[in-house]
$ cat my_file05.pdb   # PDB, N, CA and C atoms and all ligand atoms
ATOM      1  N   MET A   1       0.845  -1.202   0.000  1.00  0.00           N
ATOM      2  CA  MET A   1       0.000   0.000   0.000  1.00  0.00           C
ATOM      3  C   MET A   1       0.872   1.242   0.000  1.00  0.00           C
ATOM      4  N   LEU A   2       1.949   1.220   0.824  1.00  0.00           N
ATOM      5  CA  LEU A   2       2.804   2.389   0.917  1.00  0.00           C
ATOM      6  C   LEU A   2       3.648   2.565  -0.338  1.00  0.00           C
ATOM      7  N   LYS A   3       3.983   1.486  -0.989  1.00  0.00           N
ATOM      8  CA  LYS A   3       4.753   1.579  -2.229  1.00  0.00           C
ATOM      9  C   LYS A   3       3.917   2.261  -3.310  1.00  0.00           C
ATOM     10  N   GLU A   4       2.667   1.873  -3.414  1.00  0.00           N
ATOM     11  CA  GLU A   4       1.767   2.513  -4.369  1.00  0.00           C
ATOM     12  C   GLU A   4       1.582   3.981  -4.020  1.00  0.00           C
ATOM     13  N   LEU A   5       1.544   4.248  -2.729  1.00  0.00           N
ATOM     14  CA  LEU A   5       1.377   5.617  -2.250  1.00  0.00           C
ATOM     15  C   LEU A   5       2.519   6.484  -2.743  1.00  0.00           C
ATOM     16  N   ASP A   6       3.717   5.968  -2.674  1.00  0.00           N
ATOM     17  CA  ASP A   6       4.876   6.732  -3.122  1.00  0.00           C
ATOM     18  C   ASP A   6       4.757   7.099  -4.598  1.00  0.00           C
ATOM     19  N   GLU A   7       4.260   6.180  -5.392  1.00  0.00           N
ATOM     20  CA  GLU A   7       4.137   6.440  -6.828  1.00  0.00           C
ATOM     21  C   GLU A   7       3.062   7.486  -7.118  1.00  0.00           C
ATOM     22  N   LEU A   8       2.027   7.517  -6.293  1.00  0.00           N
ATOM     23  CA  LEU A   8       0.951   8.477  -6.466  1.00  0.00           C
ATOM     24  C   LEU A   8       1.318   9.857  -5.925  1.00  0.00           C
ATOM     25  N   SER A   9       2.407   9.899  -5.188  1.00  0.00           N
ATOM     26  CA  SER A   9       2.698  11.099  -4.397  1.00  0.00           C
ATOM     27  C   SER A   9       3.674  12.052  -5.055  1.00  0.00           C
ATOM     28  N   ILE A  10       4.087  11.748  -6.262  1.00  0.00           N
ATOM     29  CA  ILE A  10       5.076  12.591  -6.941  1.00  0.00           C
ATOM     30  C   ILE A  10       4.511  13.995  -7.155  1.00  0.00           C
ATOM     31  N   GLY A  11       5.252  14.999  -6.688  1.00  0.00           N
ATOM     32  CA  GLY A  11       4.825  16.375  -6.864  1.00  0.00           C
ATOM     33  C   GLY A  11       3.853  16.869  -5.809  1.00  0.00           C
ATOM     34  N   GLN A  12       3.491  16.004  -4.862  1.00  0.00           N
ATOM     35  CA  GLN A  12       2.547  16.397  -3.825  1.00  0.00           C
ATOM     36  C   GLN A  12       3.262  17.077  -2.661  1.00  0.00           C
ATOM     37  N   LYS A  13       2.517  17.933  -1.962  1.00  0.00           N
ATOM     38  CA  LYS A  13       3.008  18.475  -0.701  1.00  0.00           C
ATOM     39  C   LYS A  13       2.843  17.401   0.372  1.00  0.00           C
ATOM     40  N   PHE A  14       3.822  17.305   1.253  1.00  0.00           N
ATOM     41  CA  PHE A  14       3.776  16.254   2.266  1.00  0.00           C
ATOM     42  C   PHE A  14       3.587  16.816   3.666  1.00  0.00           C
ATOM     43  N   TYR A  15       2.913  16.040   4.480  1.00  0.00           N
ATOM     44  CA  TYR A  15       2.739  16.367   5.890  1.00  0.00           C
ATOM     45  C   TYR A  15       3.362  15.249   6.704  1.00  0.00           C
ATOM     46  N   ASP A  16       4.231  15.623   7.643  1.00  0.00           N
ATOM     47  CA  ASP A  16       4.931  14.618   8.431  1.00  0.00           C
ATOM     48  C   ASP A  16       4.013  13.993   9.469  1.00  0.00           C
ATOM     49  N   TYR A  17       3.956  12.696   9.451  1.00  0.00           N
ATOM     50  CA  TYR A  17       3.203  11.955  10.453  1.00  0.00           C
ATOM     51  C   TYR A  17       4.172  11.125  11.278  1.00  0.00           C
ATOM     52  N   GLU A  18       3.826  10.969  12.549  1.00  0.00           N
ATOM     53  CA  GLU A  18       4.708  10.238  13.444  1.00  0.00           C
ATOM     54  C   GLU A  18       3.900   9.328  14.354  1.00  0.00           C
ATOM     55  N   CYS A  19       4.419   8.130  14.561  1.00  0.00           N
ATOM     56  CA  CYS A  19       3.806   7.199  15.510  1.00  0.00           C
ATOM     57  C   CYS A  19       4.429   7.419  16.878  1.00  0.00           C
ATOM     58  N   LYS A  20       3.584   7.724  17.866  1.00  0.00           N
ATOM     59  CA  LYS A  20       4.101   7.973  19.219  1.00  0.00           C
ATOM     60  C   LYS A  20       4.525   6.673  19.876  1.00  0.00           C
ATOM     61  N   SER A  21       4.047   5.572  19.356  1.00  0.00           N
ATOM     62  CA  SER A  21       4.318   4.288  19.962  1.00  0.00           C
ATOM     63  C   SER A  21       5.678   3.717  19.554  1.00  0.00           C
ATOM     64  N   CYS A  22       5.950   3.684  18.245  1.00  0.00           N
ATOM     65  CA  CYS A  22       7.190   3.053  17.782  1.00  0.00           C
ATOM     66  C   CYS A  22       8.148   4.039  17.138  1.00  0.00           C
ATOM     67  N   GLY A  23       7.707   5.287  16.943  1.00  0.00           N
ATOM     68  CA  GLY A  23       8.595   6.297  16.405  1.00  0.00           C
ATOM     69  C   GLY A  23       8.679   6.321  14.886  1.00  0.00           C
ATOM     70  N   PHE A  24       7.885   5.498  14.211  1.00  0.00           N
ATOM     71  CA  PHE A  24       7.871   5.474  12.756  1.00  0.00           C
ATOM     72  C   PHE A  24       7.354   6.798  12.213  1.00  0.00           C
ATOM     73  N   THR A  25       8.034   7.346  11.221  1.00  0.00           N
ATOM     74  CA  THR A  25       7.581   8.596  10.622  1.00  0.00           C
ATOM     75  C   THR A  25       7.446   8.422   9.115  1.00  0.00           C
ATOM     76  N   LYS A  26       6.503   9.150   8.543  1.00  0.00           N
ATOM     77  CA  LYS A  26       6.336   9.131   7.098  1.00  0.00           C
ATOM     78  C   LYS A  26       5.635  10.402   6.663  1.00  0.00           C
ATOM     79  N   GLY A  27       6.038  10.916   5.509  1.00  0.00           N
ATOM     80  CA  GLY A  27       5.349  12.059   4.931  1.00  0.00           C
ATOM     81  C   GLY A  27       4.113  11.585   4.204  1.00  0.00           C
ATOM     82  N   ILE A  28       2.956  12.120   4.592  1.00  0.00           N
ATOM     83  CA  ILE A  28       1.693  11.740   3.956  1.00  0.00           C
ATOM     84  C   ILE A  28       1.341  12.815   2.927  1.00  0.00           C
ATOM     85  N   PRO A  29       1.096  12.433   1.676  1.00  0.00           N
ATOM     86  CA  PRO A  29       0.803  13.429   0.636  1.00  0.00           C
ATOM     87  C   PRO A  29      -0.523  14.134   0.864  1.00  0.00           C
ATOM     88  N   GLU A  30      -0.580  15.368   0.426  1.00  0.00           N
ATOM     89  CA  GLU A  30      -1.730  16.226   0.676  1.00  0.00           C
ATOM     90  C   GLU A  30      -3.045  15.620   0.174  1.00  0.00           C
ATOM     91  N   PHE A  31      -3.017  15.001  -1.008  1.00  0.00           N
ATOM     92  CA  PHE A  31      -4.273  14.486  -1.554  1.00  0.00           C
ATOM     93  C   PHE A  31      -4.877  13.414  -0.657  1.00  0.00           C
ATOM     94  N   LEU A  32      -3.991  12.663   0.013  1.00  0.00           N
ATOM     95  CA  LEU A  32      -4.490  11.615   0.890  1.00  0.00           C
ATOM     96  C   LEU A  32      -5.062  12.214   2.174  1.00  0.00           C
ATOM     97  N   ILE A  33      -4.400  13.244   2.693  1.00  0.00           N
ATOM     98  CA  ILE A  33      -4.907  13.963   3.860  1.00  0.00           C
ATOM     99  C   ILE A  33      -6.300  14.512   3.564  1.00  0.00           C
ATOM    100  N   GLU A  34      -6.435  15.089   2.376  1.00  0.00           N
ATOM    101  CA  GLU A  34      -7.722  15.685   2.019  1.00  0.00           C
ATOM    102  C   GLU A  34      -8.831  14.647   1.965  1.00  0.00           C
ATOM    103  N   GLU A  35      -8.471  13.451   1.542  1.00  0.00           N
ATOM    104  CA  GLU A  35      -9.466  12.379   1.532  1.00  0.00           C
ATOM    105  C   GLU A  35      -9.930  12.060   2.950  1.00  0.00           C
ATOM    106  N   PHE A  36      -8.952  11.967   3.858  1.00  0.00           N
ATOM    107  CA  PHE A  36      -9.301  11.698   5.255  1.00  0.00           C
ATOM    108  C   PHE A  36     -10.052  12.871   5.871  1.00  0.00           C
ATOM    109  N   MET A  37      -9.743  14.073   5.383  1.00  0.00           N
ATOM    110  CA  MET A  37     -10.386  15.269   5.908  1.00  0.00           C
ATOM    111  C   MET A  37     -11.882  15.315   5.602  1.00  0.00           C
ATOM    112  N   GLN A  38     -12.300  14.654   4.564  1.00  0.00           N
ATOM    113  CA  GLN A  38     -13.707  14.720   4.159  1.00  0.00           C
ATOM    114  C   GLN A  38     -14.638  14.366   5.318  1.00  0.00           C
ATOM    115  N   ASP A  39     -14.245  13.387   6.093  1.00  0.00           N
ATOM    116  CA  ASP A  39     -15.075  12.950   7.213  1.00  0.00           C
ATOM    117  C   ASP A  39     -15.225  14.053   8.260  1.00  0.00           C
ATOM    118  N   SER A  40     -14.103  14.710   8.613  1.00  0.00           N
ATOM    119  CA  SER A  40     -14.165  15.726   9.654  1.00  0.00           C
ATOM    120  C   SER A  40     -14.890  16.973   9.162  1.00  0.00           C
ATOM    121  N   ILE A  41     -14.749  17.285   7.871  1.00  0.00           N
ATOM    122  CA  ILE A  41     -15.498  18.412   7.314  1.00  0.00           C
ATOM    123  C   ILE A  41     -16.991  18.132   7.404  1.00  0.00           C
ATOM    124  N   PHE A  42     -17.346  16.909   7.120  1.00  0.00           N
ATOM    125  CA  PHE A  42     -18.741  16.507   7.177  1.00  0.00           C
ATOM    126  C   PHE A  42     -19.278  16.618   8.604  1.00  0.00           C
ATOM    127  N   GLU A  43     -18.448  16.281   9.564  1.00  0.00           N
ATOM    128  CA  GLU A  43     -18.875  16.309  10.966  1.00  0.00           C
ATOM    129  C   GLU A  43     -19.050  17.743  11.482  1.00  0.00           C
ATOM    130  N   THR A  44     -18.130  18.620  11.125  1.00  0.00           N
ATOM    131  CA  THR A  44     -18.174  19.976  11.671  1.00  0.00           C
ATOM    132  C   THR A  44     -19.018  20.915  10.820  1.00  0.00           C
ATOM    133  N   GLY A  45     -19.208  20.589   9.561  1.00  0.00           N
ATOM    134  CA  GLY A  45     -19.970  21.445   8.664  1.00  0.00           C
ATOM    135  C   GLY A  45     -19.211  22.676   8.237  1.00  0.00           C
ATOM    136  N   ALA A  46     -17.911  22.700   8.473  1.00  0.00           N
ATOM    137  CA  ALA A  46     -17.100  23.846   8.099  1.00  0.00           C
ATOM    138  C   ALA A  46     -15.854  23.381   7.371  1.00  0.00           C
ATOM    139  N   ILE A  47     -15.432  24.180   6.439  1.00  0.00           N
ATOM    140  CA  ILE A  47     -14.203  23.861   5.724  1.00  0.00           C
ATOM    141  C   ILE A  47     -13.110  24.821   6.194  1.00  0.00           C
ATOM    142  N   ALA A  48     -12.131  24.268   6.879  1.00  0.00           N
ATOM    143  CA  ALA A  48     -11.025  25.070   7.372  1.00  0.00           C
ATOM    144  C   ALA A  48      -9.830  24.882   6.447  1.00  0.00           C
ATOM    145  N   PRO A  49      -8.964  25.891   6.400  1.00  0.00           N
ATOM    146  CA  PRO A  49      -7.723  25.700   5.641  1.00  0.00           C
ATOM    147  C   PRO A  49      -6.970  24.486   6.172  1.00  0.00           C
ATOM    148  N   LEU A  50      -6.367  23.749   5.292  1.00  0.00           N
ATOM    149  CA  LEU A  50      -5.754  22.482   5.669  1.00  0.00           C
ATOM    150  C   LEU A  50      -4.735  22.640   6.795  1.00  0.00           C
ATOM    151  N   GLU A  51      -3.961  23.706   6.751  1.00  0.00           N
ATOM    152  CA  GLU A  51      -2.910  23.891   7.746  1.00  0.00           C
ATOM    153  C   GLU A  51      -3.486  24.083   9.153  1.00  0.00           C
ATOM    154  N   GLU A  52      -4.647  24.685   9.238  1.00  0.00           N
ATOM    155  CA  GLU A  52      -5.199  25.026  10.544  1.00  0.00           C
ATOM    156  C   GLU A  52      -6.196  23.988  11.050  1.00  0.00           C
ATOM    157  N   ALA A  53      -6.644  23.162  10.166  1.00  0.00           N
ATOM    158  CA  ALA A  53      -7.640  22.183  10.554  1.00  0.00           C
ATOM    159  C   ALA A  53      -7.024  21.105  11.436  1.00  0.00           C
ATOM    160  N   ILE A  54      -7.850  20.410  12.130  1.00  0.00           N
ATOM    161  CA  ILE A  54      -7.389  19.260  12.898  1.00  0.00           C
ATOM    162  C   ILE A  54      -7.027  18.159  11.915  1.00  0.00           C
ATOM    163  N   MET A  55      -5.775  17.788  11.949  1.00  0.00           N
ATOM    164  CA  MET A  55      -5.308  16.785  11.010  1.00  0.00           C
ATOM    165  C   MET A  55      -5.860  15.415  11.387  1.00  0.00           C
ATOM    166  N   PRO A  56      -6.266  14.663  10.391  1.00  0.00           N
ATOM    167  CA  PRO A  56      -6.843  13.347  10.678  1.00  0.00           C
ATOM    168  C   PRO A  56      -5.790  12.400  11.261  1.00  0.00           C
ATOM    169  N   LYS A  57      -6.235  11.556  12.173  1.00  0.00           N
ATOM    170  CA  LYS A  57      -5.335  10.554  12.739  1.00  0.00           C
ATOM    171  C   LYS A  57      -5.388   9.293  11.884  1.00  0.00           C
ATOM    172  N   LEU A  58      -4.241   8.770  11.586  1.00  0.00           N
ATOM    173  CA  LEU A  58      -4.147   7.559  10.780  1.00  0.00           C
ATOM    174  C   LEU A  58      -3.672   6.401  11.651  1.00  0.00           C
ATOM    175  N   ILE A  59      -3.515   5.265  11.013  1.00  0.00           N
ATOM    176  CA  ILE A  59      -3.023   4.078  11.718  1.00  0.00           C
ATOM    177  C   ILE A  59      -1.578   3.816  11.303  1.00  0.00           C
ATOM    178  N   CYS A  60      -0.713   3.640  12.281  1.00  0.00           N
ATOM    179  CA  CYS A  60       0.689   3.362  11.991  1.00  0.00           C
ATOM    180  C   CYS A  60       0.811   2.066  11.197  1.00  0.00           C
ATOM    181  N   PRO A  61       1.471   2.122  10.022  1.00  0.00           N
ATOM    182  CA  PRO A  61       1.614   0.905   9.217  1.00  0.00           C
ATOM    183  C   PRO A  61       2.586  -0.088   9.838  1.00  0.00           C
ATOM    184  N   ASN A  62       3.318   0.361  10.818  1.00  0.00           N
ATOM    185  CA  ASN A  62       4.338  -0.470  11.434  1.00  0.00           C
ATOM    186  C   ASN A  62       3.799  -1.254  12.634  1.00  0.00           C
ATOM    187  N   CYS A  63       3.046  -0.567  13.515  1.00  0.00           N
ATOM    188  CA  CYS A  63       2.608  -1.220  14.751  1.00  0.00           C
ATOM    189  C   CYS A  63       1.111  -1.072  15.000  1.00  0.00           C
ATOM    190  N   ARG A  64       0.403  -0.409  14.084  1.00  0.00           N
ATOM    191  CA  ARG A  64      -1.066  -0.270  14.177  1.00  0.00           C
ATOM    192  C   ARG A  64      -1.518   0.642  15.305  1.00  0.00           C
ATOM    193  N   ALA A  65      -0.595   1.387  15.886  1.00  0.00           N
ATOM    194  CA  ALA A  65      -0.987   2.384  16.885  1.00  0.00           C
ATOM    195  C   ALA A  65      -1.428   3.662  16.166  1.00  0.00           C
ATOM    196  N   LYS A  66      -1.743   4.692  16.935  1.00  0.00           N
ATOM    197  CA  LYS A  66      -2.139   5.961  16.330  1.00  0.00           C
ATOM    198  C   LYS A  66      -0.971   6.597  15.589  1.00  0.00           C
ATOM    199  N   PHE A  67      -1.261   7.075  14.394  1.00  0.00           N
ATOM    200  CA  PHE A  67      -0.259   7.715  13.551  1.00  0.00           C
ATOM    201  C   PHE A  67      -0.704   9.157  13.402  1.00  0.00           C
ATOM    202  N   GLU A  68       0.003  10.072  14.075  1.00  0.00           N
ATOM    203  CA  GLU A  68      -0.490  11.445  14.202  1.00  0.00           C
ATOM    204  C   GLU A  68       0.364  12.450  13.467  1.00  0.00           C
ATOM    205  N   TYR A  69      -0.282  13.534  13.054  1.00  0.00           N
ATOM    206  CA  TYR A  69       0.408  14.636  12.394  1.00  0.00           C
ATOM    207  C   TYR A  69       1.420  15.254  13.334  1.00  0.00           C
ATOM    208  N   LYS A  70       2.629  15.402  12.849  1.00  0.00           N
ATOM    209  CA  LYS A  70       3.701  15.978  13.654  1.00  0.00           C
ATOM    210  C   LYS A  70       3.880  17.424  13.262  1.00  0.00           C
ATOM    211  N   LYS A  71       3.516  18.332  14.138  1.00  0.00           N
ATOM    212  CA  LYS A  71       3.649  19.753  13.848  1.00  0.00           C
ATOM    213  C   LYS A  71       5.114  20.160  13.877  1.00  0.00           C
ATOM    214  N   THR A  72       5.470  20.991  12.931  1.00  0.00           N
ATOM    215  CA  THR A  72       6.837  21.497  12.917  1.00  0.00           C
ATOM    216  C   THR A  72       6.880  22.847  13.630  1.00  0.00           C
ATOM    217  N   ASP A  73       8.019  23.152  14.204  1.00  0.00           N
ATOM    218  CA  ASP A  73       8.134  24.350  15.035  1.00  0.00           C
ATOM    219  C   ASP A  73       8.554  25.595  14.252  1.00  0.00           C
ATOM    220  N   ASN A  74       8.992  25.402  13.034  1.00  0.00           N
ATOM    221  CA  ASN A  74       9.516  26.542  12.264  1.00  0.00           C
ATOM    222  C   ASN A  74       8.405  27.317  11.561  1.00  0.00           C
ATOM    223  N   HIS A  75       7.813  28.261  12.288  1.00  0.00           N
ATOM    224  CA  HIS A  75       6.786  29.081  11.688  1.00  0.00           C
ATOM    225  C   HIS A  75       7.384  30.314  11.016  1.00  0.00           C
TER     226      HIS A  75
HETATM  227 ZN    ZN B 101       3.994   2.613  15.195  1.00  0.00          ZN
END

$ encode --input "my_file05.pdb" --output "structure tokens"
Amino acid sequence: MLKELDELSIGQKFYDYECKSCGFTKGIPEFLIEEFMQDSIFETGAIAPLEEAIMPKLICPNCRAKFEYKKTDNH
């Protein structure tokens, strides 16, 4: 699944995700984030800019724990 993801991700903006459990990190392409975002937009009824919205939580492909968006400090 991740190999196919890499091929689909050429030219995409990436968001760093990190597993708090095992430390696995991966850049998730924007188009995939937006797909996951559809659910939260539907729940809140509002469309927020991607950077400010609550980033969707994914499942760590390594250990199946929570795979969360890692905010960067360089604003
Ligand atoms: Zn993990």

$ atom_distance --input "my_file05.pdb" --atom1 "CA of Phe31 in chain A" --atom2 "CA of Cys63 in chain A"
23.7 Å

$ atom_distance --input "my_file05.pdb" --atom1 "atom C of Gln38 in chain A" --atom2 "atom ZN of ligand ZN 101 (chain B)"
24.1 Å

$ residues_near_ligand --input "my_file05.pdb" --ligand "ligand ZN 101 (chain B)" --cutoff "6 Å" --atoms "only N, CA and C atoms and all ligand atoms" --output "PyMOL selection string"
chain A and resi 19-24+60-65

$ atom_distance --input "my_file05.pdb" --atom1 "CA of Tyr15 in chain A" --atom2 "CA of Lys70 in chain A"
7.8 Å

$ residues_around --input "my_file05.pdb" --residues "Lys71 in chain A" --least-positions-apart "6" --cutoff "8 Å" --atoms "only N, CA and C atoms" --output "ChimeraX atom specification"
/A:16-18

$ residues_around --input "my_file05.pdb" --residues "Lys13 in chain A" --least-positions-apart "4" --cutoff "12 Å" --atoms "only C-alpha atoms" --output "number ranges by chain"
A: 8-9, 27-34, 50-51
